[in-house]
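Content type compact mmCIF, C-alpha atoms, from the file start35.txt:
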# COMPACT_ATOMS: atom_id res chain seq x y z
CA MET A 1 -161.04 112.66 -66.35
CA MET A 2 -161.50 115.68 -68.58
CA LYS A 3 -159.22 118.59 -67.89
CA ALA A 4 -160.43 122.17 -67.91
CA GLN A 5 -161.26 123.21 -71.44
CA GLU A 6 -158.69 125.30 -73.19
CA ASN A 7 -159.26 127.60 -76.15
CA ILE A 8 -156.31 128.42 -78.35
CA GLU A 9 -156.15 131.04 -81.11
CA THR A 10 -153.38 130.76 -83.68
CA ASP A 11 -152.55 131.50 -87.28
CA ILE A 12 -151.49 127.98 -88.13
CA CYS A 13 -152.35 124.75 -86.36
CA ILE A 14 -149.86 121.98 -87.10
CA VAL A 15 -151.04 118.43 -86.39
CA GLY A 16 -147.95 116.32 -85.76
CA ALA A 17 -144.82 117.53 -83.98
CA GLY A 18 -142.30 115.39 -85.86
CA PRO A 19 -139.30 116.94 -87.64
CA VAL A 20 -141.40 118.25 -90.52
CA GLY A 21 -144.09 119.76 -88.30
CA LEU A 22 -141.41 121.41 -86.17
CA PHE A 23 -139.62 122.89 -89.17
CA ALA A 24 -142.91 124.26 -90.52
CA VAL A 25 -142.94 126.54 -87.45
CA PHE A 26 -139.66 128.04 -88.63
CA GLU A 27 -140.84 128.59 -92.18
CA ALA A 28 -144.09 130.09 -90.89
CA GLY A 29 -142.19 132.29 -88.43
CA LEU A 30 -140.12 133.84 -91.21
CA LEU A 31 -143.44 135.02 -92.66
CA LYS A 32 -144.63 136.25 -89.24
CA MET A 33 -147.25 133.53 -88.88
CA ARG A 34 -147.75 132.06 -85.41
CA CYS A 35 -148.05 128.31 -84.93
CA HIS A 36 -149.55 125.86 -82.47
CA LEU A 37 -148.48 122.20 -82.58
CA VAL A 38 -150.61 119.22 -81.47
CA ASP A 39 -149.30 115.69 -81.10
CA ALA A 40 -150.78 112.50 -79.65
CA LEU A 41 -147.37 111.62 -78.21
CA PRO A 42 -146.33 113.21 -74.92
CA GLN A 43 -143.14 114.64 -76.43
CA VAL A 44 -142.11 116.39 -79.64
CA GLY A 45 -140.05 114.65 -82.32
CA GLY A 46 -142.53 112.12 -83.70
CA GLN A 47 -140.91 108.94 -84.99
CA LEU A 48 -137.45 110.35 -84.37
CA SER A 49 -137.95 110.56 -80.60
CA GLU A 50 -140.33 107.65 -80.26
CA ILE A 51 -138.78 105.02 -82.51
CA TYR A 52 -135.17 105.80 -83.29
CA PRO A 53 -133.78 108.50 -80.97
CA HIS A 54 -130.34 106.84 -80.91
CA LYS A 55 -130.12 105.85 -84.56
CA PRO A 56 -127.89 107.93 -86.81
CA ILE A 57 -129.42 109.66 -89.84
CA TYR A 58 -127.07 110.23 -92.78
CA ASP A 59 -129.11 112.25 -95.25
CA ILE A 60 -129.69 115.58 -93.53
CA PRO A 61 -127.86 118.22 -95.59
CA GLY A 62 -124.90 119.64 -93.69
CA TYR A 63 -124.84 116.80 -91.16
CA PRO A 64 -122.79 113.80 -92.30
CA ARG A 65 -124.29 111.97 -89.32
CA ILE A 66 -126.79 113.09 -86.72
CA LEU A 67 -128.78 111.09 -84.15
CA GLY A 68 -132.57 111.23 -84.29
CA GLN A 69 -132.90 112.94 -80.93
CA GLU A 70 -130.09 115.41 -81.75
CA LEU A 71 -131.96 116.52 -84.84
CA VAL A 72 -135.14 117.02 -82.81
CA ASP A 73 -133.25 119.06 -80.19
CA LYS A 74 -131.72 121.27 -82.88
CA LEU A 75 -135.07 121.80 -84.58
CA VAL A 76 -136.62 122.85 -81.25
CA GLU A 77 -133.74 125.32 -80.75
CA GLN A 78 -134.22 126.60 -84.28
CA ILE A 79 -137.95 127.31 -83.86
CA ASN A 80 -137.72 128.72 -80.32
CA PRO A 81 -137.53 132.37 -81.50
CA PHE A 82 -141.00 131.95 -82.99
CA ARG A 83 -142.52 130.84 -79.66
CA PRO A 84 -144.80 128.04 -80.89
CA GLY A 85 -147.55 126.70 -78.63
CA PHE A 86 -147.75 122.99 -77.85
CA THR A 87 -150.60 120.63 -76.99
CA LEU A 88 -148.93 117.28 -76.40
CA GLY A 89 -150.42 113.91 -75.47
CA GLU A 90 -153.71 114.82 -77.10
CA ARG A 91 -155.18 113.63 -80.36
CA VAL A 92 -157.09 115.90 -82.70
CA GLU A 93 -160.48 114.26 -83.12
CA ALA A 94 -162.72 116.68 -84.96
CA MET A 95 -162.29 119.43 -87.55
CA GLU A 96 -164.93 121.99 -88.35
CA LYS A 97 -164.85 124.65 -91.05
CA LYS A 98 -166.16 128.05 -89.92
CA GLU A 99 -168.13 130.45 -92.11
CA ASP A 100 -165.13 132.76 -92.58
CA GLY A 101 -163.07 129.81 -93.83
CA SER A 102 -161.09 129.40 -90.62
CA LEU A 103 -160.84 126.02 -88.94
CA LEU A 104 -161.77 124.78 -85.49
CA LEU A 105 -159.98 121.70 -84.20
CA MET A 106 -161.02 119.71 -81.13
CA THR A 107 -158.82 117.24 -79.26
CA ASN A 108 -159.85 114.15 -77.32
CA GLU A 109 -159.19 116.11 -74.10
CA GLY A 110 -161.46 118.96 -75.10
CA THR A 111 -158.81 121.47 -76.17
CA ALA A 112 -160.18 123.73 -78.91
CA ILE A 113 -157.78 125.26 -81.41
CA HIS A 114 -159.01 127.95 -83.77
CA ALA A 115 -156.68 128.54 -86.74
CA ARG A 116 -156.71 130.19 -90.13
CA VAL A 117 -154.72 127.39 -91.68
CA LEU A 118 -154.30 123.71 -90.81
CA VAL A 119 -151.12 121.82 -91.61
CA ILE A 120 -151.29 118.05 -91.31
CA ALA A 121 -147.79 116.73 -90.64
CA GLY A 122 -149.03 113.49 -89.15
CA GLY A 123 -146.33 111.11 -90.43
CA LEU A 124 -147.57 107.55 -90.07
CA GLY A 125 -150.72 108.69 -88.30
CA CYS A 126 -151.79 107.41 -84.90
CA PHE A 127 -150.89 104.05 -83.47
CA GLU A 128 -154.05 102.00 -82.97
CA PRO A 129 -154.64 98.44 -81.77
CA ARG A 130 -154.18 95.76 -84.42
CA LYS A 131 -157.40 93.81 -84.84
CA PRO A 132 -157.43 90.07 -85.52
CA ALA A 133 -159.76 88.55 -88.11
CA VAL A 134 -162.45 87.18 -85.79
CA ASP A 135 -166.05 86.73 -86.85
CA GLY A 136 -168.23 89.27 -85.02
CA LEU A 137 -165.33 91.32 -83.63
CA ALA A 138 -166.63 94.71 -84.77
CA GLU A 139 -170.17 93.86 -83.70
CA PHE A 140 -169.13 93.36 -80.07
CA GLU A 141 -166.72 96.29 -79.79
CA GLY A 142 -167.67 98.08 -76.59
CA LYS A 143 -170.04 95.19 -75.79
CA GLY A 144 -167.42 92.88 -74.37
CA VAL A 145 -164.61 93.43 -76.86
CA THR A 146 -161.88 95.89 -75.88
CA TYR A 147 -158.32 96.27 -77.11
CA MET A 148 -156.82 97.45 -73.85
CA VAL A 149 -157.61 97.16 -70.16
CA ARG A 150 -158.69 100.56 -68.89
CA ASN A 151 -160.47 99.67 -65.69
CA PRO A 152 -159.52 96.27 -64.27
CA GLU A 153 -162.25 96.52 -61.59
CA ALA A 154 -164.88 96.21 -64.33
CA LEU A 155 -163.45 92.74 -65.01
CA ARG A 156 -163.78 91.46 -61.43
CA ASP A 157 -165.52 88.07 -61.19
CA ARG A 158 -166.11 87.94 -64.94
CA ASN A 159 -165.04 85.40 -67.57
CA ILE A 160 -162.17 86.94 -69.49
CA VAL A 161 -160.56 85.64 -72.67
CA LEU A 162 -157.31 87.23 -73.78
CA ALA A 163 -155.56 86.58 -77.08
CA GLY A 164 -151.97 87.27 -78.06
CA GLY A 165 -148.42 86.21 -77.29
CA GLY A 166 -146.63 89.44 -76.48
CA ASP A 167 -145.70 91.01 -73.18
CA SER A 168 -149.01 92.78 -72.67
CA ALA A 169 -150.98 89.53 -73.15
CA LEU A 170 -148.75 87.82 -70.57
CA ASP A 171 -148.82 90.69 -68.09
CA TRP A 172 -152.59 91.12 -68.18
CA THR A 173 -153.14 87.37 -67.89
CA ILE A 174 -151.06 87.34 -64.70
CA PHE A 175 -152.76 90.44 -63.31
CA LEU A 176 -156.32 89.38 -64.11
CA ALA A 177 -155.81 85.82 -62.79
CA ASP A 178 -156.36 87.23 -59.27
CA ILE A 179 -159.37 89.35 -60.14
CA ALA A 180 -161.48 87.58 -62.73
CA ALA A 181 -163.72 84.58 -62.23
CA LYS A 182 -161.82 82.87 -65.00
CA VAL A 183 -159.01 83.89 -67.34
CA THR A 184 -158.27 82.09 -70.59
CA LEU A 185 -155.24 83.02 -72.70
CA VAL A 186 -155.46 81.98 -76.34
CA HIS A 187 -152.15 81.92 -78.22
CA ARG A 188 -151.56 80.77 -81.78
CA GLY A 189 -148.08 79.40 -80.96
CA ASP A 190 -146.62 77.49 -78.06
CA THR A 191 -143.77 79.79 -77.07
CA PHE A 192 -143.62 83.36 -75.85
CA ARG A 193 -140.87 85.74 -76.91
CA GLY A 194 -141.77 88.20 -74.19
CA SER A 195 -140.10 88.43 -70.83
CA PRO A 196 -139.07 84.84 -69.81
CA ASP A 197 -140.14 85.65 -66.26
CA SER A 198 -143.72 86.50 -67.31
CA ALA A 199 -143.90 83.45 -69.58
CA ALA A 200 -142.79 81.18 -66.72
CA LYS A 201 -145.46 82.71 -64.47
CA VAL A 202 -148.18 82.11 -67.06
CA PHE A 203 -147.14 78.48 -67.54
CA GLY A 204 -147.09 78.14 -63.73
CA LEU A 205 -150.60 79.57 -63.37
CA ALA A 206 -151.88 77.22 -66.07
CA LYS A 207 -150.27 74.22 -64.35
CA ALA A 208 -151.83 75.21 -61.04
CA GLY A 209 -155.23 75.40 -62.72
CA LYS A 210 -155.56 79.15 -62.00
CA ILE A 211 -155.92 80.04 -65.69
CA ASP A 212 -156.66 78.19 -68.91
CA LEU A 213 -153.88 78.36 -71.47
CA LEU A 214 -154.92 77.37 -75.00
CA LEU A 215 -151.84 77.00 -77.22
CA HIS A 216 -151.86 76.48 -81.00
CA SER A 217 -155.28 78.08 -80.83
CA ASN A 218 -157.19 80.90 -82.46
CA VAL A 219 -160.41 82.64 -81.51
CA MET A 220 -162.70 82.18 -84.53
CA LYS A 221 -166.12 83.56 -83.72
CA LEU A 222 -167.90 85.62 -81.08
CA HIS A 223 -171.44 84.91 -79.90
CA GLY A 224 -174.00 86.75 -77.80
CA GLU A 225 -177.10 88.84 -77.89
CA GLY A 226 -176.40 92.52 -77.33
CA HIS A 227 -173.36 91.64 -75.23
CA LEU A 228 -170.65 89.04 -75.72
CA ARG A 229 -171.53 85.74 -74.05
CA GLU A 230 -169.23 83.08 -75.46
CA LEU A 231 -166.70 82.49 -78.20
CA SER A 232 -165.47 79.66 -80.40
CA VAL A 233 -161.83 78.62 -80.33
CA LEU A 234 -160.06 76.40 -82.82
CA THR A 235 -157.23 74.36 -81.33
CA GLY A 236 -155.01 72.57 -83.84
CA GLN A 237 -157.17 70.41 -86.09
CA GLN A 238 -159.73 69.64 -83.39
CA PRO A 239 -163.34 70.67 -83.79
CA GLN A 240 -164.02 74.14 -82.40
CA ILE A 241 -164.78 74.45 -78.72
CA THR A 242 -167.04 77.09 -77.22
CA ILE A 243 -166.08 78.82 -74.01
CA PRO A 244 -167.99 81.37 -71.93
CA ALA A 245 -166.64 84.91 -72.25
CA ASP A 246 -168.00 88.15 -70.83
CA HIS A 247 -164.98 89.98 -72.17
CA PHE A 248 -162.62 89.33 -75.06
CA ILE A 249 -159.38 91.30 -75.09
CA PRO A 250 -157.21 90.79 -78.19
CA LEU A 251 -153.70 92.15 -77.55
CA PHE A 252 -151.82 92.16 -80.85
CA GLY A 253 -149.80 95.33 -80.58
CA LEU A 254 -150.31 98.63 -82.34
CA THR A 255 -150.28 99.57 -85.99
CA PRO A 256 -150.17 103.04 -87.53
CA LYS A 257 -153.50 104.25 -88.88
CA LEU A 258 -154.64 107.56 -90.28
CA GLY A 259 -157.11 107.83 -87.40
CA PRO A 260 -159.74 110.58 -87.16
CA ILE A 261 -158.09 112.56 -90.00
CA ALA A 262 -159.69 110.05 -92.36
CA GLU A 263 -163.14 111.34 -91.33
CA TRP A 264 -162.62 115.02 -92.16
CA GLY A 265 -163.73 114.81 -95.76
CA LEU A 266 -160.26 115.02 -97.28
CA ASP A 267 -159.39 112.92 -100.30
CA ILE A 268 -157.55 109.87 -98.97
CA CYS A 269 -155.64 107.37 -101.06
CA GLN A 270 -154.04 104.28 -99.49
CA SER A 271 -153.70 105.88 -96.05
CA ALA A 272 -152.06 108.97 -97.54
CA ILE A 273 -153.42 112.41 -98.35
CA PRO A 274 -153.06 113.38 -102.03
CA VAL A 275 -151.80 116.97 -102.43
CA GLU A 276 -151.00 119.54 -105.10
CA PRO A 277 -147.31 119.06 -105.88
CA SER A 278 -146.76 122.84 -106.12
CA ASP A 279 -147.76 123.81 -102.56
CA TYR A 280 -148.95 120.59 -100.85
CA ALA A 281 -152.51 121.87 -100.54
CA THR A 282 -155.12 119.17 -99.92
CA SER A 283 -158.58 118.88 -101.46
CA ILE A 284 -159.90 121.27 -98.77
CA GLU A 285 -158.92 124.93 -98.95
CA ARG A 286 -156.64 126.12 -96.11
CA ILE A 287 -155.57 122.59 -95.25
CA TYR A 288 -152.07 121.44 -96.23
CA ALA A 289 -150.44 118.03 -95.78
CA ILE A 290 -146.66 117.72 -95.56
CA GLY A 291 -144.14 114.99 -94.76
CA ASP A 292 -144.75 111.24 -94.76
CA ILE A 293 -148.53 111.59 -94.69
CA ASN A 294 -148.94 113.18 -98.14
CA ALA A 295 -148.78 111.69 -101.61
CA TYR A 296 -147.98 113.18 -105.01
CA PRO A 297 -146.19 111.89 -108.11
CA GLY A 298 -142.54 111.25 -107.28
CA LYS A 299 -143.09 111.49 -103.51
CA LEU A 300 -140.13 110.37 -101.40
CA LYS A 301 -140.67 109.76 -97.71
CA LEU A 302 -137.55 111.62 -96.56
CA ILE A 303 -137.17 114.17 -93.77
CA LEU A 304 -135.33 116.31 -96.29
CA CYS A 305 -138.33 116.34 -98.64
CA GLY A 306 -140.65 117.16 -95.75
CA PHE A 307 -138.57 120.25 -94.94
CA HIS A 308 -138.91 121.43 -98.53
CA GLU A 309 -142.65 120.79 -98.43
CA ALA A 310 -142.93 122.81 -95.21
CA ALA A 311 -141.30 125.83 -96.84
CA LEU A 312 -143.54 125.78 -99.90
CA ALA A 313 -146.72 125.11 -97.94
CA MET A 314 -146.06 128.07 -95.62
CA GLN A 315 -145.44 130.42 -98.55
CA SER A 316 -148.79 129.31 -99.95
CA ALA A 317 -150.56 129.64 -96.57
CA PHE A 318 -149.50 133.30 -96.24
CA LYS A 319 -152.45 134.48 -98.35
CA TYR A 320 -154.94 133.06 -95.82
CA VAL A 321 -153.22 134.59 -92.78
CA PHE A 322 -152.48 138.00 -94.34
CA PRO A 323 -154.97 138.36 -97.18
CA GLU A 324 -154.26 142.09 -97.52
CA GLU A 325 -150.50 141.78 -97.71
CA LYS A 326 -148.17 140.95 -100.54
CA LEU A 327 -145.77 138.09 -99.94
CA SER A 328 -142.16 139.09 -100.49
CA PHE A 329 -139.48 136.47 -100.43
CA LYS A 330 -136.58 137.15 -98.05
CA TYR A 331 -133.33 135.35 -97.36
CA THR A 332 -132.40 134.78 -93.71
CA THR A 333 -128.81 135.75 -94.60
CA VAL A 334 -130.06 139.20 -95.56
CA TYR A 335 -132.88 139.81 -93.08
CA GLY A 336 -131.95 137.45 -90.22
CA ILE A 337 -134.53 135.91 -87.90
CA ASN A 338 -137.06 138.34 -86.47
CA ALA A 339 -138.14 136.61 -83.28
CA PHE A 340 -141.67 137.12 -81.93
CA MET B 1 -134.40 88.54 -113.87
CA ILE B 2 -135.71 86.50 -111.00
CA THR B 3 -139.26 85.25 -110.70
CA ILE B 4 -141.39 85.39 -107.58
CA VAL B 5 -144.73 83.62 -107.36
CA ILE B 6 -147.33 85.64 -105.50
CA ILE B 7 -150.55 84.22 -104.10
CA GLY B 8 -153.11 86.85 -103.20
CA ARG B 9 -155.38 86.95 -100.18
CA ASP B 10 -158.27 85.77 -102.34
CA GLY B 11 -156.27 82.97 -103.90
CA TYR B 12 -155.11 84.42 -107.24
CA ARG B 13 -151.66 83.29 -108.30
CA GLU B 14 -149.30 85.47 -110.33
CA GLN B 15 -145.68 85.55 -111.33
CA LEU B 16 -143.68 88.70 -110.83
CA GLU B 17 -140.44 89.21 -112.72
CA VAL B 18 -137.92 91.38 -110.93
CA PRO B 19 -134.56 92.65 -112.26
CA ILE B 20 -131.75 90.93 -110.42
CA ASN B 21 -129.80 94.02 -109.40
CA ILE B 22 -132.72 96.09 -108.15
CA ASN B 23 -131.41 96.33 -104.57
CA LEU B 24 -134.82 96.91 -103.02
CA SER B 25 -136.77 95.10 -100.37
CA LEU B 26 -139.53 92.69 -101.35
CA MET B 27 -142.02 95.18 -99.82
CA GLU B 28 -140.92 97.98 -102.16
CA VAL B 29 -141.17 95.70 -105.17
CA LEU B 30 -144.64 94.41 -104.23
CA ARG B 31 -145.86 97.92 -103.60
CA ALA B 32 -144.43 99.23 -106.86
CA ALA B 33 -146.11 96.36 -108.73
CA GLY B 34 -149.47 97.45 -107.33
CA TYR B 35 -150.11 94.69 -104.81
CA PRO B 36 -152.17 95.65 -101.73
CA VAL B 37 -149.09 96.04 -99.55
CA PRO B 38 -149.25 99.50 -97.93
CA GLY B 39 -145.81 99.44 -96.25
CA THR B 40 -147.10 102.22 -94.05
CA CYS B 41 -144.00 102.56 -91.89
CA GLY B 42 -141.67 102.77 -94.87
CA GLY B 43 -139.72 99.61 -94.15
CA ILE B 44 -138.66 99.76 -90.52
CA ALA B 45 -140.50 96.63 -89.30
CA LEU B 46 -143.05 98.69 -87.46
CA CYS B 47 -146.47 98.29 -89.07
CA ALA B 48 -146.47 94.73 -90.45
CA THR B 49 -148.68 95.77 -93.36
CA CYS B 50 -146.17 93.95 -95.61
CA ALA B 51 -146.36 90.57 -93.85
CA VAL B 52 -146.11 87.59 -96.23
CA ASP B 53 -146.15 83.83 -95.74
CA VAL B 54 -143.15 82.28 -97.48
CA LEU B 55 -144.52 79.01 -98.87
CA SER B 56 -141.36 78.01 -100.70
CA GLY B 57 -137.82 79.34 -100.65
CA ASN B 58 -137.63 80.08 -96.93
CA GLU B 59 -134.24 78.37 -96.69
CA ASN B 60 -132.73 81.01 -98.99
CA LEU B 61 -133.69 83.95 -96.80
CA SER B 62 -131.47 85.48 -94.19
CA PRO B 63 -132.94 84.82 -90.75
CA ALA B 64 -135.18 87.45 -89.17
CA LEU B 65 -133.52 89.77 -86.70
CA ASP B 66 -134.90 90.63 -83.28
CA GLN B 67 -136.94 93.63 -84.36
CA GLU B 68 -138.70 91.62 -87.06
CA LEU B 69 -139.26 88.65 -84.73
CA ASP B 70 -140.77 90.92 -82.09
CA MET B 71 -143.20 92.31 -84.64
CA LEU B 72 -144.09 88.88 -86.07
CA ASP B 73 -144.77 87.74 -82.54
CA THR B 74 -147.52 90.31 -82.08
CA LEU B 75 -149.41 89.49 -85.29
CA PRO B 76 -152.72 87.68 -84.99
CA GLU B 77 -152.20 85.65 -88.13
CA SER B 78 -148.66 84.51 -88.45
CA ASN B 79 -146.98 81.15 -88.48
CA GLY B 80 -143.40 79.91 -88.73
CA ASP B 81 -143.27 80.94 -92.38
CA THR B 82 -144.43 84.51 -91.92
CA ARG B 83 -141.93 87.28 -92.67
CA LEU B 84 -142.02 91.02 -93.12
CA ALA B 85 -141.38 91.72 -96.80
CA CYS B 86 -139.63 94.98 -95.91
CA GLN B 87 -136.90 92.99 -94.17
CA ILE B 88 -136.28 90.73 -97.19
CA ARG B 89 -133.72 92.10 -99.60
CA LEU B 90 -134.09 90.79 -103.14
CA GLY B 91 -131.22 88.83 -104.64
CA PRO B 92 -130.52 85.94 -107.01
CA ALA B 93 -131.03 83.36 -104.25
CA LEU B 94 -134.70 84.29 -104.08
CA ASP B 95 -135.47 83.15 -107.62
CA GLY B 96 -138.59 80.97 -107.64
CA MET B 97 -139.76 81.77 -104.13
CA VAL B 98 -143.49 81.47 -103.48
CA ILE B 99 -145.19 83.91 -101.14
CA ARG B 100 -148.73 84.48 -99.98
CA LEU B 101 -149.80 87.99 -99.03
CA ASN B 102 -150.69 87.96 -95.35
CA GLY B 103 -151.29 91.56 -94.35
CA SER B 104 -152.23 90.87 -90.76
CA ALA B 105 -152.27 94.55 -90.02
Take the structure in this file and express it as structure tokens.
Amino acid sequence: MMKAQENIETDICIVGAGPVGLFAVFEAGLLKMRCHLVDALPQVGGQLSEIYPHKPIYDIPGYPRILGQELVDKLVEQINPFRPGFTLGERVEAMEKKEDGSLLLMTNEGTAIHARVLVIAGGLGCFEPRKPAVDGLAEFEGKGVTYMVRNPEALRDRNIVLAGGGDSALDWTIFLADIAAKVTLVHRGDTFRGSPDSAAKVFGLAKAGKIDLLLHSNVMKLHGEGHLRELSVLTGQQPQITIPADHFIPLFGLTPKLGPIAEWGLDICQSAIPVEPSDYATSIERIYAIGDINAYPGKLKLILCGFHEAALAMQSAFKYVFPEEKLSFKYTTVYGINAF
Amino acid sequence: MITIVIIGRDGYREQLEVPININLSLMEVLRAAGYPVPGTCGGIALCATCAVDVLSGNENLSPALDQELDMLDTLPESNGDTRLACQIRLGPALDGMVIRLNGSA
């Protein structure tokens, strides 16, 4: 369901609320520029919070050892005086350049963010479903092929083929066994590393004839006219068999992809955004890319380098936010932090 | 120097010479040598864009740890010989190994 539309006005919109995006708020705040952060994850911190909150980091200057989540908490404390806005759990889908040069961003939930400068601090990008090499897969996307189960009722009394060997493949096989006309699980191996309980249930269902379990098997080709109708499966060295399928749901985990950012007309090179090494400006004026997502000669994917990039990018962005003013460089030790 | 034989996705076969004391992962070396190995996640067994099939020399590798096994388990195209190159540290024992680029992701 769409939520009520929200319109946000800000100086700088930062896409990605990882450590580098967070610190950019601080560097912008020193120059009196207001920031709004957007992240597809429901919490701030990016990889640090999502992937290694309890892992120690050893290369943050001044901290011989700090845990991922501790660093995030300290960054949030550090940027608090500059009162950033947050849109979390939403993904920026579209970017539009206005006549005056400013930028309008739109999220998948309909939030509109109007900013003078865009900073892409997207890290690895978004996590999207990993797609197997199956003939016809793209052709039937949305016409029987889905990478997640959104509405199980739509699958009632249909022929469902799932592929994969992880927990989600097991769990959905068990769940759909009661709903679908027929469930077939295709797995390239013969063991499951997922929860032993779920694996035992799936083997039990197969033994009882409630599902079909095809081990040492791969889905090779999809067939149908307009909508998926059947698919070919290769089991071991046997000739391929064809089974009826109204829906094919490959569940092979998630992999980081650049996502919609790739469609905005920026130069992209090997899933990274090439930037000017002097201020991390991209090929589009008023758009900067900092942290793991950018590329320039000598680039190191370190949090420490991302912090440096944030500082330089914000100094460069000043001219777009305050075109009439002269940028003067100030030390926090001399001038302190002037909170908003 | 150690030599690694690399078989590409479209079947080409090349030898890559690597200094013995380089102390990098196989992913970093492949990427630096210009092979189509993105290593998107930077070597934390998260994206599997560095997956390789080890055709020869598997016995000289240290066994995969849980995080790598979990990731290998989710890949559509992986078999008992598939490893994540980012989890393989180069050393003298790897001399002569033969790998095929998998790149399931």
All residues 12 Å or closer to Val52 in chain B, only C-alpha atoms, same chain fewer than 3 positions away omitted, as an MDAnalysis selection string:
chainID B and resid 5:9 26:27 30 35:37 39 48:49 55:56 58 72 75 77:88 97:105
Could you list the residues in chain A lying within 10 Å of chain B, using only C-alpha atoms, and format the result as number ranges by chain?
A: 47, 51, 123-125, 127, 129-134, 163-169, 187-189, 191-194, 218-219, 250-258, 270-272, 292-293, 301-302
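Considering the residues A:Leu118, A:Ile60, A:Leu48, A:Leu22 and counting only C-alpha atoms, Glu77 in chain A has its shortest atom-to-atom contact with A:Leu22.
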At a cut-off of 10 Å around the point (-139.7, 137.4, -100.1) (file coordinates), what residues fall inside when counting all atoms listed in the file? I'd like the answer as a PyMOL selection string.
chain A and resi 30-31+315+326-331
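The list of residues with at least one atom within 10 Å of Asn21 in chain B, based on all atoms listed in the file and without residues fewer than 3 positions apart in the same chain, reads Met1, Ile2, Val18, Leu24, Leu90, Gly91 and Pro92 of chain B.
Going from CA of Ala17 in chain A to CA of Ile120 in chain A covers 9.8 Å.
Coordinates place CA of Ser283 in chain A at a distance of 13.4 Å from CA of Glu263 in chain A.
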I'd like the contact shell of Gly265 in chain A - 12 Å cut-off, only C-alpha atoms, skipping same-chain residues fewer than 4 positions apart - returned as a count of residues only.
12
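Interatomic distance, CA of Glu109 in chain A against CA of Glu141 in chain A: 22.0 Å.
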Residues at most 12 Å from range 237-243 of chain A, counting all atoms listed in the file, excluding those fewer than 6 positions away in the same chain, as a PDB file with C-alpha atoms, in the frame of the given file?
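New file selection_19.pdb:
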ATOM      1  CA  ASN A 159    -165.040  85.400 -67.570  1.00  0.00           C
ATOM      2  CA  ILE A 160    -162.170  86.940 -69.490  1.00  0.00           C
ATOM      3  CA  VAL A 161    -160.560  85.640 -72.670  1.00  0.00           C
ATOM      4  CA  LYS A 182    -161.820  82.870 -65.000  1.00  0.00           C
ATOM      5  CA  VAL A 183    -159.010  83.890 -67.340  1.00  0.00           C
ATOM      6  CA  THR A 184    -158.270  82.090 -70.590  1.00  0.00           C
ATOM      7  CA  LEU A 185    -155.240  83.020 -72.700  1.00  0.00           C
ATOM      8  CA  VAL A 186    -155.460  81.980 -76.340  1.00  0.00           C
ATOM      9  CA  ASP A 212    -156.660  78.190 -68.910  1.00  0.00           C
ATOM     10  CA  LEU A 214    -154.920  77.370 -75.000  1.00  0.00           C
ATOM     11  CA  HIS A 216    -151.860  76.480 -81.000  1.00  0.00           C
ATOM     12  CA  SER A 217    -155.280  78.080 -80.830  1.00  0.00           C
ATOM     13  CA  ASN A 218    -157.190  80.900 -82.460  1.00  0.00           C
ATOM     14  CA  VAL A 219    -160.410  82.640 -81.510  1.00  0.00           C
ATOM     15  CA  MET A 220    -162.700  82.180 -84.530  1.00  0.00           C
ATOM     16  CA  LYS A 221    -166.120  83.560 -83.720  1.00  0.00           C
ATOM     17  CA  LEU A 222    -167.900  85.620 -81.080  1.00  0.00           C
ATOM     18  CA  HIS A 223    -171.440  84.910 -79.900  1.00  0.00           C
ATOM     19  CA  GLY A 224    -174.000  86.750 -77.800  1.00  0.00           C
ATOM     20  CA  LEU A 228    -170.650  89.040 -75.720  1.00  0.00           C
ATOM     21  CA  ARG A 229    -171.530  85.740 -74.050  1.00  0.00           C
ATOM     22  CA  GLU A 230    -169.230  83.080 -75.460  1.00  0.00           C
ATOM     23  CA  LEU A 231    -166.700  82.490 -78.200  1.00  0.00           C
TER      24      LEU A 231
END
Give the answer as one residue: which of A:Leu103, A:Cys269, A:Ala208, A:Ile14 has the shortest atom-to-atom distance to Met33 in chain A, using all atoms listed in the file?
A:Ile14
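The closest residue to Asp95 in chain B, picked from B:Glu17, B:Glu28, B:Asp53, B:Glu68 and counting all atoms listed in the file, is B:Glu17.
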